[in-house]
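Okay, structure first, notes after.
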Amino acid sequence: MSFFQFRWLRRFVRRRTKPIPYDTADLWKRRLSIGYALIAWNAFGYICYLFYTGRGDWAKTYGLKTEMESKMTPAMQFSNLLKIDNARVIRFSSTLEKRADYELRKEIDGSITTITPGDQYESNKEKQNQS
């Protein structure tokens, strides 16, 4: 695991460079930190601008996401990603209160339907009444 500790990189750089005075190193450290702060602030401003103009979802803006994909909930997206045909979703709030409990079922045509426990109970009841 010593490969991931970058000791080899430190030795490589130390052998091929000469030490610089502390004052010069400190000066360049301050310059680089100011440059980094300016770049980070501009990137943050650009992201805020994109959300303000309504282009926050860049995949949808540039046509990489279809309308059907953009309307899917995160639970539906993860079930598609993990190739789970039938999934039970339980949502909790930040105070650990149960907010929702439903099932996702993938149909033959690829669409996903949401079934709440009440709907399932109603459909089972109707089937019993018909027979």
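Please note that chains go A, B, ... in the order of the structure tokens, that every chain numbers its residues from 1, and that ligands are numbered from 1 in the order shown.
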If we count only C-alpha atoms and set the cut-off at 9 Å, which residues sit around segment 94-111 of chain A, ignoring sequence neighbours fewer than 3 positions away in its own chain? Please answer as a list in words.
Ala75, Met76, Ser79, Asn80, Ile84, Asp85, Asn86, Ala87, Arg88, Val89, Ile90, Arg91, Thr114, Ile115, Thr116 and Pro117 of chain A
Convert the current residue selection to file output with C-alpha atoms, as a PDB file, in the first residue's frame.
```
ATOM      1  CA  ALA A  75     -35.721   6.325  -6.521  1.00  0.00           C
ATOM      2  CA  MET A  76     -36.809   5.522 -10.079  1.00  0.00           C
ATOM      3  CA  SER A  79     -33.795   1.400  -9.692  1.00  0.00           C
ATOM      4  CA  ASN A  80     -33.080   1.797 -13.422  1.00  0.00           C
ATOM      5  CA  ILE A  84     -34.087  -3.608 -10.192  1.00  0.00           C
ATOM      6  CA  ASP A  85     -37.498  -4.484 -11.633  1.00  0.00           C
ATOM      7  CA  ASN A  86     -39.552  -4.395  -8.430  1.00  0.00           C
ATOM      8  CA  ALA A  87     -38.437  -2.106  -5.625  1.00  0.00           C
ATOM      9  CA  ARG A  88     -39.951  -0.905  -2.378  1.00  0.00           C
ATOM     10  CA  VAL A  89     -39.199   2.716  -1.521  1.00  0.00           C
ATOM     11  CA  ILE A  90     -39.392   4.084   2.004  1.00  0.00           C
ATOM     12  CA  ARG A  91     -38.708   7.819   2.389  1.00  0.00           C
ATOM     13  CA  THR A 114     -45.701   3.602  -8.732  1.00  0.00           C
ATOM     14  CA  ILE A 115     -47.951   1.546  -6.501  1.00  0.00           C
ATOM     15  CA  THR A 116     -48.869   2.798  -3.056  1.00  0.00           C
ATOM     16  CA  PRO A 117     -49.989   0.211  -0.484  1.00  0.00           C
TER      17      PRO A 117
END
```
Those in chain A with alpha helix (DSSP H) from DSSP, as a VMD selection string:
chain A and resid 7 to 16 22 to 52 58 to 61 67 to 71 74 to 81 117 to 130
With C-alpha atoms retained, could you export that selection as a PDB file, in the first residue's frame?
```pdb
ATOM      1  CA  ARG A   7       6.519   8.570  -0.910  1.00  0.00           C
ATOM      2  CA  TRP A   8       7.901   7.690  -4.323  1.00  0.00           C
ATOM      3  CA  LEU A   9       6.670  11.028  -5.700  1.00  0.00           C
ATOM      4  CA  ARG A  10       8.247  12.973  -2.848  1.00  0.00           C
ATOM      5  CA  ARG A  11      11.608  11.215  -3.370  1.00  0.00           C
ATOM      6  CA  PHE A  12      11.404  11.793  -7.131  1.00  0.00           C
ATOM      7  CA  VAL A  13      10.778  15.538  -6.732  1.00  0.00           C
ATOM      8  CA  ARG A  14      13.413  15.962  -3.972  1.00  0.00           C
ATOM      9  CA  ARG A  15      16.129  14.314  -6.078  1.00  0.00           C
ATOM     10  CA  ARG A  16      15.474  16.356  -9.217  1.00  0.00           C
ATOM     11  CA  TYR A  22      11.552  29.987   2.598  1.00  0.00           C
ATOM     12  CA  ASP A  23      10.564  33.580   1.722  1.00  0.00           C
ATOM     13  CA  THR A  24      10.206  32.738  -1.969  1.00  0.00           C
ATOM     14  CA  ALA A  25       8.157  29.615  -1.190  1.00  0.00           C
ATOM     15  CA  ASP A  26       5.868  31.591   1.119  1.00  0.00           C
ATOM     16  CA  LEU A  27       5.399  34.318  -1.505  1.00  0.00           C
ATOM     17  CA  TRP A  28       4.360  31.761  -4.158  1.00  0.00           C
ATOM     18  CA  LYS A  29       2.114  29.977  -1.682  1.00  0.00           C
ATOM     19  CA  ARG A  30       0.226  33.228  -1.040  1.00  0.00           C
ATOM     20  CA  ARG A  31      -0.026  34.002  -4.761  1.00  0.00           C
ATOM     21  CA  LEU A  32      -1.372  30.545  -5.568  1.00  0.00           C
ATOM     22  CA  SER A  33      -3.896  30.683  -2.723  1.00  0.00           C
ATOM     23  CA  ILE A  34      -5.214  34.048  -3.958  1.00  0.00           C
ATOM     24  CA  GLY A  35      -5.464  32.667  -7.507  1.00  0.00           C
ATOM     25  CA  TYR A  36      -7.290  29.589  -6.242  1.00  0.00           C
ATOM     26  CA  ALA A  37      -9.728  31.756  -4.249  1.00  0.00           C
ATOM     27  CA  LEU A  38     -10.495  33.902  -7.311  1.00  0.00           C
ATOM     28  CA  ILE A  39     -11.081  30.873  -9.542  1.00  0.00           C
ATOM     29  CA  ALA A  40     -13.306  29.195  -6.923  1.00  0.00           C
ATOM     30  CA  TRP A  41     -15.351  32.386  -6.391  1.00  0.00           C
ATOM     31  CA  ASN A  42     -15.890  32.816 -10.143  1.00  0.00           C
ATOM     32  CA  ALA A  43     -16.933  29.158 -10.510  1.00  0.00           C
ATOM     33  CA  PHE A  44     -19.425  29.571  -7.654  1.00  0.00           C
ATOM     34  CA  GLY A  45     -20.819  32.720  -9.281  1.00  0.00           C
ATOM     35  CA  TYR A  46     -21.195  30.926 -12.610  1.00  0.00           C
ATOM     36  CA  ILE A  47     -23.101  28.042 -10.984  1.00  0.00           C
ATOM     37  CA  CYS A  48     -25.424  30.522  -9.237  1.00  0.00           C
ATOM     38  CA  TYR A  49     -25.981  32.306 -12.560  1.00  0.00           C
ATOM     39  CA  LEU A  50     -26.885  29.012 -14.273  1.00  0.00           C
ATOM     40  CA  PHE A  51     -29.466  28.198 -11.600  1.00  0.00           C
ATOM     41  CA  TYR A  52     -30.857  31.747 -11.697  1.00  0.00           C
ATOM     42  CA  TRP A  58     -27.003  20.950 -17.438  1.00  0.00           C
ATOM     43  CA  ALA A  59     -27.786  17.468 -18.774  1.00  0.00           C
ATOM     44  CA  LYS A  60     -31.322  18.541 -19.666  1.00  0.00           C
ATOM     45  CA  THR A  61     -30.121  21.884 -21.044  1.00  0.00           C
ATOM     46  CA  GLU A  67     -38.141  14.501 -20.772  1.00  0.00           C
ATOM     47  CA  MET A  68     -39.067  11.117 -19.307  1.00  0.00           C
ATOM     48  CA  GLU A  69     -35.730  10.877 -17.475  1.00  0.00           C
ATOM     49  CA  SER A  70     -36.026  14.392 -16.083  1.00  0.00           C
ATOM     50  CA  LYS A  71     -39.470  13.654 -14.614  1.00  0.00           C
ATOM     51  CA  PRO A  74     -34.307   9.683  -7.678  1.00  0.00           C
ATOM     52  CA  ALA A  75     -35.721   6.325  -6.521  1.00  0.00           C
ATOM     53  CA  MET A  76     -36.809   5.522 -10.079  1.00  0.00           C
ATOM     54  CA  GLN A  77     -33.424   6.590 -11.469  1.00  0.00           C
ATOM     55  CA  PHE A  78     -31.534   4.367  -9.023  1.00  0.00           C
ATOM     56  CA  SER A  79     -33.795   1.400  -9.692  1.00  0.00           C
ATOM     57  CA  ASN A  80     -33.080   1.797 -13.422  1.00  0.00           C
ATOM     58  CA  LEU A  81     -29.365   2.171 -12.798  1.00  0.00           C
ATOM     59  CA  PRO A 117     -49.989   0.211  -0.484  1.00  0.00           C
ATOM     60  CA  GLY A 118     -53.509   1.660  -0.589  1.00  0.00           C
ATOM     61  CA  ASP A 119     -53.724   1.269  -4.374  1.00  0.00           C
ATOM     62  CA  GLN A 120     -52.552  -2.304  -4.167  1.00  0.00           C
ATOM     63  CA  TYR A 121     -55.127  -3.018  -1.484  1.00  0.00           C
ATOM     64  CA  GLU A 122     -57.872  -1.470  -3.625  1.00  0.00           C
ATOM     65  CA  SER A 123     -56.875  -3.458  -6.722  1.00  0.00           C
ATOM     66  CA  ASN A 124     -56.830  -6.718  -4.739  1.00  0.00           C
ATOM     67  CA  LYS A 125     -60.253  -5.884  -3.306  1.00  0.00           C
ATOM     68  CA  GLU A 126     -61.675  -5.263  -6.785  1.00  0.00           C
ATOM     69  CA  LYS A 127     -60.308  -8.596  -8.018  1.00  0.00           C
ATOM     70  CA  GLN A 128     -61.973 -10.411  -5.114  1.00  0.00           C
ATOM     71  CA  ASN A 129     -65.300  -8.659  -5.766  1.00  0.00           C
ATOM     72  CA  GLN A 130     -65.195  -9.603  -9.455  1.00  0.00           C
TER      73      GLN A 130
END
```
One number please: atom CA of Gly54 of chain A to atom CA of Thr113 of chain A, in Å, one decimal.
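Computing it gives 28.6 Å between the two atoms.
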What is the atom CA of Arg55 of chain A-atom CA of Thr73 of chain A distance in Å, reported with one decimal?
18.8 Å
Which of chain A end up as strand (DSSP E or B) when DSSP is run on this backbone - answer as a VMD selection string?
chain A and resid 86 to 92 98 to 106 112 to 115
